[in-house]
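Accompanying notes for the structure given below.
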Protein chains: 2
Amino acid sequence: MTQLLNNVYAVILAGGSGTRFWPLSRETCPKQMLQFVGEDTLLRQTIKRVNGLVPPGNIWIVTTEDKAQDIKFHIEPLGPMTKGIQFIKEPVGKNTAPAIGLAAIYLKRLSPESLMIVMPSDHAIPDNEKFINDLRIAIKGAIEDHLVTIGIKPNRPETGYGYIQVDKSSTMEFNDLLKVKRFVEKPDLETAKKYISAGNYFWNSGIFVWKTSKILSEIESHLPSLYKILKEIESILFESDKLNKPEKTTIPQSAIRNPQWSTLYSGLDSISIDYGIMERSHDVLMVPATFQWSDLGSWTALDEIVERNNVGNILKGNVIDIGSQDSTIFAGERIIATIGLKDMVVVDTPDATLVTPKERVQEVRKIVEILKQNGREEHLLHKTVERPWGSYTVLEKRQGYKIKRVVLKPGAKLSLQLHRRRSEHWVVVAGIAKVTRADETYLVHINESTYIPINIKHRLENPGEIPLQVIEVQSGEYLEEDDIERFSDDYGRI
Amino acid sequence: MTQLLNNVYAVILAGGSGTRFWPLSRETCPKQMLQFVGEDTLLRQTIKRVNGLVPPGNIWIVTTEDKAQDIKFHIEPLGPMTKGIQFIKEPVGKNTAPAIGLAAIYLKRLSPESLMIVMPSDHAIPDNEKFINDLRIAIKGAIEDHLVTIGIKPNRPETGYGYIQVDKSSTMEFNDLLKVKRFVEKPDLETAKKYISAGNYFWNSGIFVWKTSKILSEIESHLPSLYKILKEIESILFESDKLNKPEKTTIPQSAIRNPQWSTLYSGLDSISIDYGIMERSHDVLMVPATFQWSDLGSWTALDEIVERNNVGNILKGNVIDIGSQDSTIFAGERIIATIGLKDMVVVDTPDATLVTPKERVQEVRKIVEILKQNGREEHLLHKTVERPWGSYTVLEKRQGYKIKRVVLKPGAKLSLQLHRRRSEHWVVVAGIAKVTRADETYLVHINESTYIPINIKHRLENPGEIPLQVIEVQSGEYLEEDDIERFSDDYGRI
């Protein structure tokens, strides 16, 4: 076990909405919460990746206010590893420069001398050891007060990425770090081919290391209007404790929902750190990555990182295929039967299916746009929603009723709650339920049912040792999730 | 209203299993029960088509024993039109020559002088008036003791059909009927092109008209071994009433389940009427069809008969498409999102989805084969099963429980029944239920529930004036449909 770096903070950017992996990704289940490769979801792998490098309390997740609860629930299975993790909640998403700036002003307050490792939450990096080694090299450069980025050696003339041009002769001077000549925007194919043959161009991984003070001074130089607002936000955030010495371990949660700074933040321009800082700064070093990497920018990116079968297919779930080639077919429990597909992507989920040639996968964003315009819900939510206590699955929703399968882990309990506009019938189909209803508490066994009338406080618990499964039939004219009043909750949702 | 032809019988062949339209067709919902075009399903349209020509009692449906109940339920919505319809039940499907022979021996007994119109149940013929006119011409030829077939003028060199070569100079002699020179097997493309340019070749529609006595004598000549078995079956079938005069209106149902003739029939060779008789007979006339026709042999056949949009697509259900062309996309309630497809077929159902290029749709049979081999159920049943009393939909089936939505029409009642291996929880979500449970009868209103224990006789009725909707949660280790004992049933299922 190597020593943890107490003054280094891993700032994980997890605000992405991930429309590019629809229908597998949804607004409430963006790409970083999906498992494409490896043993866990992208976000949880990202946390594990830095876990051996910095203390848990030095892992910060930047995301939007509306996603924070889902992300908290999502990382909960990591257990003790998540204990100290801090959340920086943006009132709305404003791209990476404001997000990083916001994290920096918090961090400056807690630890003025700190270093930040900024990293996306939704990239695939299978080789952790190499990643950590490269980060250690980057940290050396950051300690010497440079902006440091990690560059990926390109293996094809990709036109979807920005490139980093380095000065190859600079290696000696900076010990394994290369001096960056310039960041360049996404090239056309001709230009990309030139970059590849030139040999001194790298892909921009979006992973950065710098001193907190350094990035703030760069923001001051290159994005002065952002800097000005960040300073205002800082003074609002820390007004209440300006006479006290800064807390050393946690972010002042009381300040987070302050409407004054929310309005300021919401008024910021959306601008990326690449465009706003990296392209303009003259003091950037690059570590050439030794690890395998994919940004998983679209369904076709899986081809780089997931093993394909001998005819080039990636098949997952209940697929019956006859003679397809070079295709990606993601099924779940439903049968997906495919015949003779070539360079296609088929993705099935319980409520929506996508079928597209690989060359047009980028247009899935347009599908999501159309769903939004049509007022549908297939871009928002999955039928199954994971929760720390278990999960629920909407089996059917029609006029006047909704049916859910609710699964509670052994020992788990839902909040004490009531609904103003619906009643609920519960049938236990596995395990044993402990039900609180108004003043009574009773057990409901398998093949027994109970009824929760409208306006009655109730709670469902699993006192048993196997998962409790309840079929819930909701009855009422309004059946949305927001018809809930919570009185007590193990998960802090009051 | 033209006069009905009392001595003419419409024999509708409805034994097909329709694997070619999977996943929309299933074993219990074959192609003839699907609605592709027009205002009703193919089978119901077939019945309506001959309804103005022959009396209802002269409409006979030939199908296999195991499909007969489903077909009876399926045609029930036609109301009085179905009152006299007779079913000829084959113990197993044995292709068209045995099926037609079996119908002929029944028909000979009931009406020795009768004419048979033999027709498939799963073809699309949008123009009924022209169809009836062409049949009337065919009947004239049949009365003069010829075998008469209806030929379709080909509009392309199709290699999937047999062809009929006619003697074009023969028209005058037979009044609108053409003398058939020969029936030919499916040609290769080169040959098919020659047929088209020759001008005297027609597609074989599978619609035939002849005297009952004529087809039996042709079977005797060309398929003597089939004839021999048919004679044996005849003697078994009518043994019990051999001293009585034949019944004039109905088929002796008592004879149908006789195991002796079942064994004989099951031992017959599968042979088509085309191959067995039409290719061999020297006395065949043809009426050139004036009506539009499609045999709907595969998903691509819809292109001939269903209107396509301005970019050649057929889109049905919840499809969101960006830029597809010449593609057929069948969705249901789930969202199917398609981008840039070309000459593709995508068919979605609640439990299975098919994606294939049009040029490979024939291989859907192989998918069905694989499902069978894997012991799955997606080729057998749909999630929703229509019944004369309403319908049921399986919403979820997992270890230990199954959830159904059961819908009863106003006034409908299920059978008085019990289950040996499951209990049931019923939650009423629309309408009002009248429940019989052992000796009690009571009403269950919306947002109320009741419980049916194992081994208890029960019945569900809809005494109200709107559809009754019940969510049924079955609980038990064995949850198949065959765990049912019926004691009283409005639909004759005891």
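Ordered as shown in the structure tokens, chains take letters A, B, and onward, while each chain numbers its residues from 1 and ligands are numbered from 1 in the order shown.
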
* Could you please tell me, as a PyMOL selection string, which residues of chain A have an atom within 8 Å of chain B when using only C-alpha atoms? => chain A and resi 320+322+334-341+351-357+360-361+363-364+367+370+378+395-396+400-401+423+425+427+429-430+447+449+471+473+475

Just asking: which residues within segment 274-409 of chain B are helix (DSSP H, G or I) according to DSSP, as a PDB file with all heavy atoms, in the first residue's frame?
ATOM      1  N   ASP B 274     -51.675 -28.744 -54.711  1.00  0.00           N
ATOM      2  CA  ASP B 274     -51.040 -28.290 -55.954  1.00  0.00           C
ATOM      3  C   ASP B 274     -50.179 -29.401 -56.541  1.00  0.00           C
ATOM      4  O   ASP B 274     -50.279 -29.750 -57.707  1.00  0.00           O
ATOM      5  CB  ASP B 274     -50.161 -27.064 -55.683  1.00  0.00           C
ATOM      6  CG  ASP B 274     -50.898 -26.002 -54.906  1.00  0.00           C
ATOM      7  OD1 ASP B 274     -51.113 -26.194 -53.678  1.00  0.00           O
ATOM      8  OD2 ASP B 274     -51.283 -25.003 -55.502  1.00  0.00           O
ATOM      9  N   TYR B 275     -49.309 -29.949 -55.685  1.00  0.00           N
ATOM     10  CA  TYR B 275     -48.389 -30.980 -56.135  1.00  0.00           C
ATOM     11  C   TYR B 275     -49.135 -32.288 -56.401  1.00  0.00           C
ATOM     12  O   TYR B 275     -48.889 -32.974 -57.396  1.00  0.00           O
ATOM     13  CB  TYR B 275     -47.311 -31.181 -55.077  1.00  0.00           C
ATOM     14  CG  TYR B 275     -46.314 -32.240 -55.428  1.00  0.00           C
ATOM     15  CD1 TYR B 275     -45.314 -31.987 -56.367  1.00  0.00           C
ATOM     16  CD2 TYR B 275     -46.368 -33.497 -54.838  1.00  0.00           C
ATOM     17  CE1 TYR B 275     -44.396 -32.966 -56.721  1.00  0.00           C
ATOM     18  CE2 TYR B 275     -45.452 -34.482 -55.179  1.00  0.00           C
ATOM     19  CZ  TYR B 275     -44.465 -34.214 -56.121  1.00  0.00           C
ATOM     20  OH  TYR B 275     -43.559 -35.190 -56.460  1.00  0.00           O
ATOM     21  N   GLY B 276     -50.072 -32.625 -55.528  1.00  0.00           N
ATOM     22  CA  GLY B 276     -50.727 -33.929 -55.601  1.00  0.00           C
ATOM     23  C   GLY B 276     -51.761 -34.014 -56.712  1.00  0.00           C
ATOM     24  O   GLY B 276     -51.902 -35.062 -57.363  1.00  0.00           O
ATOM     25  N   ILE B 277     -52.485 -32.971 -56.950  1.00  0.00           N
ATOM     26  CA  ILE B 277     -53.595 -33.019 -57.912  1.00  0.00           C
ATOM     27  C   ILE B 277     -53.402 -32.051 -59.079  1.00  0.00           C
ATOM     28  O   ILE B 277     -53.415 -32.460 -60.235  1.00  0.00           O
ATOM     29  CB  ILE B 277     -54.943 -32.709 -57.214  1.00  0.00           C
ATOM     30  CG1 ILE B 277     -55.183 -33.672 -56.029  1.00  0.00           C
ATOM     31  CG2 ILE B 277     -56.101 -32.729 -58.211  1.00  0.00           C
ATOM     32  CD1 ILE B 277     -55.392 -35.129 -56.408  1.00  0.00           C
ATOM     33  N   MET B 278     -53.208 -30.765 -58.752  1.00  0.00           N
ATOM     34  CA  MET B 278     -53.262 -29.753 -59.809  1.00  0.00           C
ATOM     35  C   MET B 278     -52.182 -29.953 -60.878  1.00  0.00           C
ATOM     36  O   MET B 278     -52.402 -29.716 -62.056  1.00  0.00           O
ATOM     37  CB  MET B 278     -53.162 -28.338 -59.223  1.00  0.00           C
ATOM     38  CG  MET B 278     -54.198 -28.020 -58.143  1.00  0.00           C
ATOM     39  SD  MET B 278     -55.901 -28.447 -58.577  1.00  0.00           S
ATOM     40  CE  MET B 278     -56.304 -27.116 -59.714  1.00  0.00           C
ATOM     41  N   TRP B 299     -42.682 -10.848 -44.336  1.00  0.00           N
ATOM     42  CA  TRP B 299     -42.794  -9.434 -43.978  1.00  0.00           C
ATOM     43  C   TRP B 299     -42.669  -8.521 -45.193  1.00  0.00           C
ATOM     44  O   TRP B 299     -43.287  -7.471 -45.254  1.00  0.00           O
ATOM     45  CB  TRP B 299     -41.729  -9.080 -42.926  1.00  0.00           C
ATOM     46  CG  TRP B 299     -42.156  -9.475 -41.551  1.00  0.00           C
ATOM     47  CD1 TRP B 299     -41.657 -10.499 -40.793  1.00  0.00           C
ATOM     48  CD2 TRP B 299     -43.176  -8.864 -40.766  1.00  0.00           C
ATOM     49  NE1 TRP B 299     -42.321 -10.556 -39.602  1.00  0.00           N
ATOM     50  CE2 TRP B 299     -43.251  -9.563 -39.544  1.00  0.00           C
ATOM     51  CE3 TRP B 299     -44.047  -7.794 -40.973  1.00  0.00           C
ATOM     52  CZ2 TRP B 299     -44.154  -9.233 -38.536  1.00  0.00           C
ATOM     53  CZ3 TRP B 299     -44.953  -7.455 -39.961  1.00  0.00           C
ATOM     54  CH2 TRP B 299     -44.992  -8.173 -38.767  1.00  0.00           C
ATOM     55  N   THR B 300     -41.867  -8.925 -46.186  1.00  0.00           N
ATOM     56  CA  THR B 300     -41.695  -8.045 -47.346  1.00  0.00           C
ATOM     57  C   THR B 300     -42.951  -8.013 -48.226  1.00  0.00           C
ATOM     58  O   THR B 300     -43.121  -7.081 -49.004  1.00  0.00           O
ATOM     59  CB  THR B 300     -40.488  -8.487 -48.206  1.00  0.00           C
ATOM     60  OG1 THR B 300     -40.614  -9.868 -48.480  1.00  0.00           O
ATOM     61  CG2 THR B 300     -39.197  -8.214 -47.485  1.00  0.00           C
ATOM     62  N   ALA B 301     -43.819  -9.017 -48.104  1.00  0.00           N
ATOM     63  CA  ALA B 301     -45.031  -9.025 -48.926  1.00  0.00           C
ATOM     64  C   ALA B 301     -45.943  -7.847 -48.594  1.00  0.00           C
ATOM     65  O   ALA B 301     -46.788  -7.456 -49.406  1.00  0.00           O
ATOM     66  CB  ALA B 301     -45.785 -10.340 -48.726  1.00  0.00           C
ATOM     67  N   LEU B 302     -45.756  -7.274 -47.401  1.00  0.00           N
ATOM     68  CA  LEU B 302     -46.583  -6.108 -47.050  1.00  0.00           C
ATOM     69  C   LEU B 302     -46.361  -4.960 -48.026  1.00  0.00           C
ATOM     70  O   LEU B 302     -47.250  -4.141 -48.249  1.00  0.00           O
ATOM     71  CB  LEU B 302     -46.264  -5.631 -45.631  1.00  0.00           C
ATOM     72  CG  LEU B 302     -46.642  -6.580 -44.502  1.00  0.00           C
ATOM     73  CD1 LEU B 302     -46.292  -5.943 -43.168  1.00  0.00           C
ATOM     74  CD2 LEU B 302     -48.118  -6.928 -44.551  1.00  0.00           C
ATOM     75  N   ASP B 303     -45.169  -4.916 -48.610  1.00  0.00           N
ATOM     76  CA  ASP B 303     -44.869  -3.827 -49.544  1.00  0.00           C
ATOM     77  C   ASP B 303     -45.854  -3.784 -50.710  1.00  0.00           C
ATOM     78  O   ASP B 303     -46.098  -2.725 -51.286  1.00  0.00           O
ATOM     79  CB  ASP B 303     -43.439  -3.981 -50.094  1.00  0.00           C
ATOM     80  CG  ASP B 303     -42.388  -3.729 -49.022  1.00  0.00           C
ATOM     81  OD1 ASP B 303     -42.753  -3.218 -47.944  1.00  0.00           O
ATOM     82  OD2 ASP B 303     -41.215  -4.044 -49.258  1.00  0.00           O
ATOM     83  N   GLU B 304     -46.407  -4.957 -51.066  1.00  0.00           N
ATOM     84  CA  GLU B 304     -47.332  -4.997 -52.201  1.00  0.00           C
ATOM     85  C   GLU B 304     -48.720  -4.496 -51.844  1.00  0.00           C
ATOM     86  O   GLU B 304     -49.464  -4.043 -52.704  1.00  0.00           O
ATOM     87  CB  GLU B 304     -47.516  -6.453 -52.686  1.00  0.00           C
ATOM     88  CG  GLU B 304     -46.255  -7.147 -53.090  1.00  0.00           C
ATOM     89  CD  GLU B 304     -46.432  -8.667 -53.035  1.00  0.00           C
ATOM     90  OE1 GLU B 304     -47.584  -9.153 -53.160  1.00  0.00           O
ATOM     91  OE2 GLU B 304     -45.422  -9.359 -52.869  1.00  0.00           O
ATOM     92  N   ILE B 305     -49.062  -4.625 -50.573  1.00  0.00           N
ATOM     93  CA  ILE B 305     -50.478  -4.510 -50.236  1.00  0.00           C
ATOM     94  C   ILE B 305     -50.772  -3.373 -49.248  1.00  0.00           C
ATOM     95  O   ILE B 305     -51.892  -2.909 -49.147  1.00  0.00           O
ATOM     96  CB  ILE B 305     -50.971  -5.894 -49.704  1.00  0.00           C
ATOM     97  CG1 ILE B 305     -52.467  -6.063 -49.877  1.00  0.00           C
ATOM     98  CG2 ILE B 305     -50.527  -6.150 -48.286  1.00  0.00           C
ATOM     99  CD1 ILE B 305     -52.853  -6.723 -51.146  1.00  0.00           C
ATOM    100  N   LYS B 358     -34.494  -6.700 -45.372  1.00  0.00           N
ATOM    101  CA  LYS B 358     -35.599  -7.335 -46.099  1.00  0.00           C
ATOM    102  C   LYS B 358     -35.149  -8.590 -46.838  1.00  0.00           C
ATOM    103  O   LYS B 358     -35.875  -9.568 -46.917  1.00  0.00           O
ATOM    104  CB  LYS B 358     -36.201  -6.340 -47.090  1.00  0.00           C
ATOM    105  CG  LYS B 358     -37.129  -5.344 -46.433  1.00  0.00           C
ATOM    106  CD  LYS B 358     -37.843  -4.473 -47.452  1.00  0.00           C
ATOM    107  CE  LYS B 358     -38.792  -3.517 -46.728  1.00  0.00           C
ATOM    108  NZ  LYS B 358     -39.439  -2.569 -47.657  1.00  0.00           N
ATOM    109  N   GLU B 359     -33.929  -8.554 -47.377  1.00  0.00           N
ATOM    110  CA  GLU B 359     -33.498  -9.689 -48.190  1.00  0.00           C
ATOM    111  C   GLU B 359     -33.298 -10.977 -47.380  1.00  0.00           C
ATOM    112  O   GLU B 359     -33.103 -12.027 -47.963  1.00  0.00           O
ATOM    113  CB  GLU B 359     -32.224  -9.349 -48.959  1.00  0.00           C
ATOM    114  CG  GLU B 359     -31.072  -8.994 -48.052  1.00  0.00           C
ATOM    115  CD  GLU B 359     -29.809  -8.616 -48.821  1.00  0.00           C
ATOM    116  OE1 GLU B 359     -29.893  -8.395 -50.022  1.00  0.00           O
ATOM    117  OE2 GLU B 359     -28.744  -8.561 -48.164  1.00  0.00           O
ATOM    118  N   ARG B 360     -33.370 -10.874 -46.073  1.00  0.00           N
ATOM    119  CA  ARG B 360     -33.179 -12.095 -45.274  1.00  0.00           C
ATOM    120  C   ARG B 360     -34.387 -12.435 -44.407  1.00  0.00           C
ATOM    121  O   ARG B 360     -34.291 -13.262 -43.503  1.00  0.00           O
ATOM    122  CB  ARG B 360     -31.907 -11.969 -44.413  1.00  0.00           C
ATOM    123  CG  ARG B 360     -30.654 -11.886 -45.294  1.00  0.00           C
ATOM    124  CD  ARG B 360     -29.376 -11.906 -44.516  1.00  0.00           C
ATOM    125  NE  ARG B 360     -29.108 -13.217 -43.908  1.00  0.00           N
ATOM    126  CZ  ARG B 360     -27.937 -13.537 -43.366  1.00  0.00           C
ATOM    127  NH1 ARG B 360     -26.940 -12.663 -43.350  1.00  0.00           N
ATOM    128  NH2 ARG B 360     -27.759 -14.721 -42.811  1.00  0.00           N
ATOM    129  N   VAL B 361     -35.543 -11.827 -44.693  1.00  0.00           N
ATOM    130  CA  VAL B 361     -36.718 -12.086 -43.833  1.00  0.00           C
ATOM    131  C   VAL B 361     -37.112 -13.554 -43.791  1.00  0.00           C
ATOM    132  O   VAL B 361     -37.702 -14.010 -42.806  1.00  0.00           O
ATOM    133  CB  VAL B 361     -37.976 -11.266 -44.248  1.00  0.00           C
ATOM    134  CG1 VAL B 361     -37.831  -9.814 -43.871  1.00  0.00           C
ATOM    135  CG2 VAL B 361     -38.301 -11.450 -45.705  1.00  0.00           C
ATOM    136  N   GLN B 362     -36.806 -14.308 -44.846  1.00  0.00           N
ATOM    137  CA  GLN B 362     -37.202 -15.730 -44.835  1.00  0.00           C
ATOM    138  C   GLN B 362     -36.569 -16.475 -43.664  1.00  0.00           C
ATOM    139  O   GLN B 362     -37.102 -17.476 -43.197  1.00  0.00           O
ATOM    140  CB  GLN B 362     -36.794 -16.416 -46.149  1.00  0.00           C
ATOM    141  CG  GLN B 362     -37.462 -15.843 -47.390  1.00  0.00           C
ATOM    142  CD  GLN B 362     -38.961 -16.056 -47.418  1.00  0.00           C
ATOM    143  OE1 GLN B 362     -39.493 -16.842 -46.643  1.00  0.00           O
ATOM    144  NE2 GLN B 362     -39.652 -15.328 -48.285  1.00  0.00           N
ATOM    145  N   GLU B 363     -35.442 -15.964 -43.180  1.00  0.00           N
ATOM    146  CA  GLU B 363     -34.728 -16.682 -42.125  1.00  0.00           C
ATOM    147  C   GLU B 363     -35.373 -16.547 -40.746  1.00  0.00           C
ATOM    148  O   GLU B 363     -34.904 -17.133 -39.778  1.00  0.00           O
ATOM    149  CB  GLU B 363     -33.261 -16.227 -42.078  1.00  0.00           C
ATOM    150  CG  GLU B 363     -32.530 -16.639 -43.340  1.00  0.00           C
ATOM    151  CD  GLU B 363     -31.093 -16.146 -43.386  1.00  0.00           C
ATOM    152  OE1 GLU B 363     -30.337 -16.435 -42.446  1.00  0.00           O
ATOM    153  OE2 GLU B 363     -30.745 -15.469 -44.373  1.00  0.00           O
ATOM    154  N   VAL B 364     -36.462 -15.789 -40.685  1.00  0.00           N
ATOM    155  CA  VAL B 364     -37.161 -15.691 -39.402  1.00  0.00           C
ATOM    156  C   VAL B 364     -37.643 -17.069 -38.950  1.00  0.00           C
ATOM    157  O   VAL B 364     -37.760 -17.345 -37.762  1.00  0.00           O
ATOM    158  CB  VAL B 364     -38.315 -14.659 -39.483  1.00  0.00           C
ATOM    159  CG1 VAL B 364     -39.445 -15.149 -40.344  1.00  0.00           C
ATOM    160  CG2 VAL B 364     -38.826 -14.324 -38.094  1.00  0.00           C
ATOM    161  N   ARG B 365     -37.899 -17.964 -39.916  1.00  0.00           N
ATOM    162  CA  ARG B 365     -38.249 -19.351 -39.555  1.00  0.00           C
ATOM    163  C   ARG B 365     -37.164 -19.976 -38.688  1.00  0.00           C
ATOM    164  O   ARG B 365     -37.441 -20.739 -37.763  1.00  0.00           O
ATOM    165  CB  ARG B 365     -38.353 -20.221 -40.806  1.00  0.00           C
ATOM    166  CG  ARG B 365     -39.505 -19.922 -41.728  1.00  0.00           C
ATOM    167  CD  ARG B 365     -39.180 -20.534 -43.099  1.00  0.00           C
ATOM    168  NE  ARG B 365     -40.272 -20.375 -44.049  1.00  0.00           N
ATOM    169  CZ  ARG B 365     -41.290 -21.206 -44.149  1.00  0.00           C
ATOM    170  NH1 ARG B 365     -41.380 -22.246 -43.358  1.00  0.00           N
ATOM    171  NH2 ARG B 365     -42.247 -20.994 -45.040  1.00  0.00           N
ATOM    172  N   LYS B 366     -35.925 -19.670 -39.013  1.00  0.00           N
ATOM    173  CA  LYS B 366     -34.819 -20.243 -38.231  1.00  0.00           C
ATOM    174  C   LYS B 366     -34.829 -19.706 -36.796  1.00  0.00           C
ATOM    175  O   LYS B 366     -34.504 -20.425 -35.856  1.00  0.00           O
ATOM    176  CB  LYS B 366     -33.467 -19.893 -38.872  1.00  0.00           C
ATOM    177  CG  LYS B 366     -33.250 -20.533 -40.224  1.00  0.00           C
ATOM    178  CD  LYS B 366     -31.824 -20.268 -40.702  1.00  0.00           C
ATOM    179  CE  LYS B 366     -31.672 -20.547 -42.191  1.00  0.00           C
ATOM    180  NZ  LYS B 366     -30.404 -19.987 -42.714  1.00  0.00           N
ATOM    181  N   ILE B 367     -35.169 -18.446 -36.655  1.00  0.00           N
ATOM    182  CA  ILE B 367     -35.264 -17.871 -35.308  1.00  0.00           C
ATOM    183  C   ILE B 367     -36.315 -18.641 -34.501  1.00  0.00           C
ATOM    184  O   ILE B 367     -36.079 -19.024 -33.343  1.00  0.00           O
ATOM    185  CB  ILE B 367     -35.648 -16.373 -35.381  1.00  0.00           C
ATOM    186  CG1 ILE B 367     -34.587 -15.562 -36.132  1.00  0.00           C
ATOM    187  CG2 ILE B 367     -35.923 -15.817 -33.987  1.00  0.00           C
ATOM    188  CD1 ILE B 367     -33.348 -15.226 -35.360  1.00  0.00           C
ATOM    189  N   VAL B 368     -37.461 -18.880 -35.115  1.00  0.00           N
ATOM    190  CA  VAL B 368     -38.525 -19.621 -34.427  1.00  0.00           C
ATOM    191  C   VAL B 368     -38.030 -21.015 -34.044  1.00  0.00           C
ATOM    192  O   VAL B 368     -38.296 -21.501 -32.939  1.00  0.00           O
ATOM    193  CB  VAL B 368     -39.787 -19.696 -35.314  1.00  0.00           C
ATOM    194  CG1 VAL B 368     -40.825 -20.618 -34.701  1.00  0.00           C
ATOM    195  CG2 VAL B 368     -40.357 -18.303 -35.538  1.00  0.00           C
ATOM    196  N   GLU B 369     -37.273 -21.622 -34.941  1.00  0.00           N
ATOM    197  CA  GLU B 369     -36.714 -22.941 -34.672  1.00  0.00           C
ATOM    198  C   GLU B 369     -35.791 -22.894 -33.437  1.00  0.00           C
ATOM    199  O   GLU B 369     -35.855 -23.757 -32.565  1.00  0.00           O
ATOM    200  CB  GLU B 369     -35.925 -23.393 -35.915  1.00  0.00           C
ATOM    201  CG  GLU B 369     -35.856 -24.886 -36.109  1.00  0.00           C
ATOM    202  CD  GLU B 369     -37.197 -25.561 -35.869  1.00  0.00           C
ATOM    203  OE1 GLU B 369     -38.208 -25.221 -36.524  1.00  0.00           O
ATOM    204  OE2 GLU B 369     -37.215 -26.422 -34.969  1.00  0.00           O
ATOM    205  N   ILE B 370     -34.960 -21.866 -33.379  1.00  0.00           N
ATOM    206  CA  ILE B 370     -34.033 -21.724 -32.252  1.00  0.00           C
ATOM    207  C   ILE B 370     -34.803 -21.521 -30.939  1.00  0.00           C
ATOM    208  O   ILE B 370     -34.482 -22.112 -29.910  1.00  0.00           O
ATOM    209  CB  ILE B 370     -33.050 -20.549 -32.501  1.00  0.00           C
ATOM    210  CG1 ILE B 370     -32.118 -20.894 -33.661  1.00  0.00           C
ATOM    211  CG2 ILE B 370     -32.249 -20.219 -31.239  1.00  0.00           C
ATOM    212  CD1 ILE B 370     -31.309 -19.707 -34.197  1.00  0.00           C
ATOM    213  N   LEU B 371     -35.861 -20.710 -30.981  1.00  0.00           N
ATOM    214  CA  LEU B 371     -36.678 -20.498 -29.777  1.00  0.00           C
ATOM    215  C   LEU B 371     -37.252 -21.824 -29.289  1.00  0.00           C
ATOM    216  O   LEU B 371     -37.256 -22.112 -28.086  1.00  0.00           O
ATOM    217  CB  LEU B 371     -37.812 -19.516 -30.076  1.00  0.00           C
ATOM    218  CG  LEU B 371     -37.394 -18.060 -30.267  1.00  0.00           C
ATOM    219  CD1 LEU B 371     -38.561 -17.237 -30.812  1.00  0.00           C
ATOM    220  CD2 LEU B 371     -36.927 -17.466 -28.943  1.00  0.00           C
ATOM    221  N   LYS B 372     -37.737 -22.643 -30.233  1.00  0.00           N
ATOM    222  CA  LYS B 372     -38.282 -23.955 -29.860  1.00  0.00           C
ATOM    223  C   LYS B 372     -37.203 -24.806 -29.205  1.00  0.00           C
ATOM    224  O   LYS B 372     -37.413 -25.393 -28.146  1.00  0.00           O
ATOM    225  CB  LYS B 372     -38.793 -24.683 -31.113  1.00  0.00           C
ATOM    226  CG  LYS B 372     -40.199 -24.327 -31.505  1.00  0.00           C
ATOM    227  CD  LYS B 372     -40.654 -25.211 -32.663  1.00  0.00           C
ATOM    228  CE  LYS B 372     -41.822 -24.536 -33.361  1.00  0.00           C
ATOM    229  NZ  LYS B 372     -42.159 -25.173 -34.629  1.00  0.00           N
ATOM    230  N   GLN B 373     -36.057 -24.871 -29.872  1.00  0.00           N
ATOM    231  CA  GLN B 373     -34.960 -25.690 -29.351  1.00  0.00           C
ATOM    232  C   GLN B 373     -34.544 -25.253 -27.953  1.00  0.00           C
ATOM    233  O   GLN B 373     -34.182 -26.073 -27.116  1.00  0.00           O
ATOM    234  CB  GLN B 373     -33.747 -25.603 -30.279  1.00  0.00           C
ATOM    235  CG  GLN B 373     -33.875 -26.466 -31.519  1.00  0.00           C
ATOM    236  CD  GLN B 373     -32.880 -26.054 -32.592  1.00  0.00           C
ATOM    237  OE1 GLN B 373     -31.910 -25.354 -32.317  1.00  0.00           O
ATOM    238  NE2 GLN B 373     -33.120 -26.495 -33.816  1.00  0.00           N
TER     239      GLN B 373
END

* Asked: What is the atom CA of Ala138 of chain B-atom CA of Thr191 of chain B distance in Å, reported with one decimal?
  -> 28.3 Å

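Here atom CA of Gly16 of chain A is placed at a distance of 21.9 Å from atom CA of Ile215 of chain A.
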
* Quote the spacing between atom CA of Tyr163 of chain A and atom CA of Arg49 of chain A in Å to one decimal place. => 24.7 Å
